[in-house]
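What follows is a short report on a single structure.
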Number of protein chains: 2
Amino acid sequence: MQTAIEELENKGKAAKAASRKLAHLPTEVKNKALVNIAESLISREGEILDANRLDCEEAKASGMDEAMLDRLMLNSSRLQAMAQDGRTVASLPDPVGETFDTRVLPNGLHIERRRVPLGVIGIIYESRPNVTVDISSLCLKSGNAVILRGGKEALRSNSALARVIREAAQAGGVPGNAIQFIESPERELVSRMLKMSENIDLIIPRGGEQLVALVTENATMPVLASGVGICHTYVDRAADPDKAVAIAFNAKVQRPTVCNALDCLLVHSEIAERYLPMIAREWAKAGVEMRGDERALKILSSFKVTPASDSDWGKEFLALIAAIKVVDSLDEALEHIVRYGSGHSEAIVTEDHSAATRFLEEVDAACVYANASTRFTDGGQFGLGAEVGISTQKFHARGPMGLKELTTYKWVIMGSGQVRP
Amino acid sequence: MQTAIEELENKGKAAKAASRKLAHLPTEVKNKALVNIAESLISREGEILDANRLDCEEAKASGMDEAMLDRLMLNSSRLQAMAQDGRTVASLPDPVGETFDTRVLPNGLHIERRRVPLGVIGIIYESRPNVTVDISSLCLKSGNAVILRGGKEALRSNSALARVIREAAQAGGVPGNAIQFIESPERELVSRMLKMSENIDLIIPRGGEQLVALVTENATMPVLASGVGICHTYVDRAADPDKAVAIAFNAKVQRPTVCNALDCLLVHSEIAERYLPMIAREWAKAGVEMRGDERALKILSSFKVTPASDSDWGKEFLALIAAIKVVDSLDEALEHIVRYGSGHSEAIVTEDHSAATRFLEEVDAACVYANASTRFTDGGQFGLGAEVGISTQKFHARGPMGLKELTTYKWVIMGSGQVRP
């Protein structure tokens, strides 16, 4: 254990030292390295897939379920997609060096804010090996060194990917130490990592609720937490029922296992009799399990709907399950969202402009929607070009985070001998 | 103790509930409340000064030193100044509601980022009662509720100020619960407060290094830490010696007890023989205690300079003391700053454009200066209008923080039925 901790600390120091060089690398050098990485993912496919095969076999033997296995598994086309994402990152504008709030003070001081990398980003993630590539690319482009700590079950895959990335980056002129991968599987390393505020400027947990809580509670450096998404869609009494069906269907069914999928449908009582059977019919066809409150159950008596239990409100299902509740007013819907929402993505469907305005103004969430599916909460969909994660924290970055959200700024003041009176 | 914890938790809940209303108050209402507060500080001077007198008497009896007593003490003119600051905050633009990054996506979704308050700001501070007023005003203007936890020695003063503020705000139409003051002096309350992430969105420690460390290490919500300022001024070989004297003198002497004051002077060896006696003469006249490395001691043999010990490098003196070191290159100066700086304010004095550019680019600090005194690091001086603190964290806000730094944003998406393909 002693050596594993030492290894971690040495990698932290090496990353910090490398970050100082990385911060000043020209954009072309970073882009060249990104393209090199993309090419290496394809040219070195054999060694990556060999390592992944071993991980997958072990995982299968240990009884990992199909969904998890699918997340772990790599193949040619997935590597191609990862390479393509890397090329996209290369093509995005470099956020580093941008200046803003430039002005000259009455005393002649020239003052500006200049965008700079954060320094070293730590990332603690589970299973999916593509995170290794995604985060490395985003950190490199934004001038940050990175310390990667992946899940045990993907150790061989991540290790192979990190080796390929590091060598390709180095060949492109980036300090190799800018990309650090933690090989040791010891869990205690995570605790130590969370205290390394001198060498890690920001930590990002990517994984389940437990991991996020562990990091948020114990880290001594700032945390970018991609939190739980408990998403409501409220169908107002003035909703266009057809739009409301399309939106709620899309929000629940298009990809039910992700954080921006619908968890709870709130329906105004004046439209419930008409609307609920319409959406229930579509959801039933798609295999959505429905859990309703008393009034929803009554209206949907001809559908298979089970009574919602208390724990169904404020639950992130990540599956084809939806809770349904009838409310008597916009206020009641807002109160329900205050109480049960997680501040991720919330939507109203209405043709009433005042209701939409109130909802968008009063709901305190990273993303608030009028007449659209919450599934749009995504860096790519929002035009950020790339996504580091989706923040549910109310700080710095909120909602989808792109390259700019991996930077901070410094104040640059240029004078000619000014002193303070 | 149980009751004190309950009191704290109830105040947290009340602040959170009030923050939801405060977030949508019109600017005029907030400004009116701010002006009301300013007027009440003057009209209710008697009760505030009475409370303060008791605090001061008790502090004197317990042997508090003069400097601390001075920080604690209020009088008419200090109240007037606090009232004036409040009026200034009223006159500043309201950051809430500003929209940015507005665009229409190809699918017709209208998307924008809208500036919103953080919610509830917790502040843990020591002695100075003016913090009660300053932070309440800044939070109110930026639409945030606030939970104030002041030092024990200023309990009566802070309690009186909080009462006045709360009543004046309420009379102006602001929910009284938006301003919460913790009366109980128990230290355990701080530990509990740091875990109240459900009701406190951001915590600001204002005080010594120990307090900041306690908060940074234990808080489960984001922290805005006004950290230690270990500030260097590097006099390059191409410096104009007269400018360098004026700048280093100002940085050390104009107000030595604050975080942006000079702690360490680095001087290039090619200019040291000429420059060091010039600044030493001025510093000696002002009573600055000088602690030099070997080469500085040699050059300044005719001055009273003591040998610097290892602990003098990287020390925040907060007093008329300066460490002095001779370096052989800009690189050596940069390395010294990497090793000993705290990322607050760092300056170079030089007429060499390349040297200035390198320094401004490579030094990783909240504020980097060429040819000016580090004493300018201040929200007022930078034109922010007001200052919440000076952040040495590399996140969200860096350097002087104004009203905008007490806000975050939400994404607002307006559609007409769009779903994700």
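Going by the structure tokens order, chains are called A, B, ..., each with residues numbered from 1, while ligands are numbered from 1 in the order shown.
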
Point to revise | Check: which chain A residues lie within 8 Å of chain B using only C-alpha atoms, as a PyMOL selection string | key: chain A and resi 20+24+105+111+118+201+216-223+243-244+246-247+250-251+254+360-362+364-373+375-376+382+394-399+407-421

Exercise for review: Assign secondary structure with DSSP using the backbone only, and return the residues of range 332-414 of chain B in alpha helix (DSSP H) as JSON, numbers by chain.
Suggested key: {"B": [332, 333, 334, 335, 336, 337, 338, 339, 340, 353, 354, 355, 356, 357, 358, 359, 360, 361, 362]}

Check your understanding: Could you pull out all residues of range 277-347 of chain A with a DSSP call of strand (DSSP E or B) and give them as a ChimeraX atom specification?
Key -> /A:289-292,305-307,321-327,345-347

I need the residues from that last selection saved to file as a PDB file, in the first residue's frame (with C-alpha atoms), if you can.
```pdb
ATOM      1  CA  GLU A 289     -44.087   0.752 -16.466  1.00  0.00           C
ATOM      2  CA  MET A 290     -46.436   3.411 -15.040  1.00  0.00           C
ATOM      3  CA  ARG A 291     -46.855   4.229 -11.359  1.00  0.00           C
ATOM      4  CA  GLY A 292     -49.671   6.646 -10.653  1.00  0.00           C
ATOM      5  CA  VAL A 305     -50.820   1.249 -13.860  1.00  0.00           C
ATOM      6  CA  THR A 306     -49.599   0.385 -10.371  1.00  0.00           C
ATOM      7  CA  PRO A 307     -50.068   2.673  -7.359  1.00  0.00           C
ATOM      8  CA  ILE A 321     -40.564   3.477 -15.518  1.00  0.00           C
ATOM      9  CA  ALA A 322     -42.513   6.693 -14.989  1.00  0.00           C
ATOM     10  CA  ALA A 323     -44.291   8.137 -11.973  1.00  0.00           C
ATOM     11  CA  ILE A 324     -47.492  10.055 -12.778  1.00  0.00           C
ATOM     12  CA  LYS A 325     -49.207  12.646 -10.614  1.00  0.00           C
ATOM     13  CA  VAL A 326     -52.225  14.869 -11.177  1.00  0.00           C
ATOM     14  CA  VAL A 327     -51.912  18.417  -9.791  1.00  0.00           C
ATOM     15  CA  SER A 345     -33.672  19.336 -16.211  1.00  0.00           C
ATOM     16  CA  GLU A 346     -37.327  20.305 -15.818  1.00  0.00           C
ATOM     17  CA  ALA A 347     -39.937  20.992 -18.499  1.00  0.00           C
TER      18      ALA A 347
END
```

Exercise for review: In Å, rounded to a single decimal, give me how far CA of Ala15 in chain B is from CA of Gly176 in chain B.
Suggested key: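 CA of Gly176 in chain B sits 9.1 Å away from CA of Ala15 in chain B.
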
Review point. Near Leu384 in chain A, counting only C-alpha atoms, which residues have an atom at most 8 Å away, once you skip same-chain residues fewer than 5 positions from it, shown as a PyMOL selection string?
Key: chain A and resi 379+401-403

Kindly export the residues of the current selection with N, CA and C atoms, as a compact mmCIF listing (two decimals), in the first residue's frame.
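Ended up saving to result11.txt:
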```txt
# COMPACT_ATOMS: atom_id res chain seq x y z
N GLY A 379 -24.18 18.46 -23.91
CA GLY A 379 -23.21 19.41 -24.47
C GLY A 379 -23.24 19.46 -25.98
N MET A 401 -21.26 20.85 -19.48
CA MET A 401 -19.97 21.54 -19.36
C MET A 401 -19.10 21.22 -20.56
N GLY A 402 -18.59 22.22 -21.20
CA GLY A 402 -17.68 22.02 -22.33
C GLY A 402 -16.26 22.40 -21.95
N LEU A 403 -15.48 22.73 -22.96
CA LEU A 403 -14.07 23.06 -22.73
C LEU A 403 -13.89 24.29 -21.84
```

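The two atoms in question, CA of Ser226 in chain B and CA of Thr392 in chain B, are spaced 5.9 Å apart.
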
Check your understanding: Taking only C-alpha atoms into account, which of A:Glu183, A:Gly63, A:Asn107, A:Val120 comes nearest Glu198 in chain A?
Key ->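 Closest to Glu198 in chain A, using only C-alpha atoms: A:Val120.
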
Review point. Which of these, A:Leu22, A:Ala38, A:Val235, A:Met196, has the shortest distance to Gly122 in chain A once you count only C-alpha atoms?
Key: A:Met196
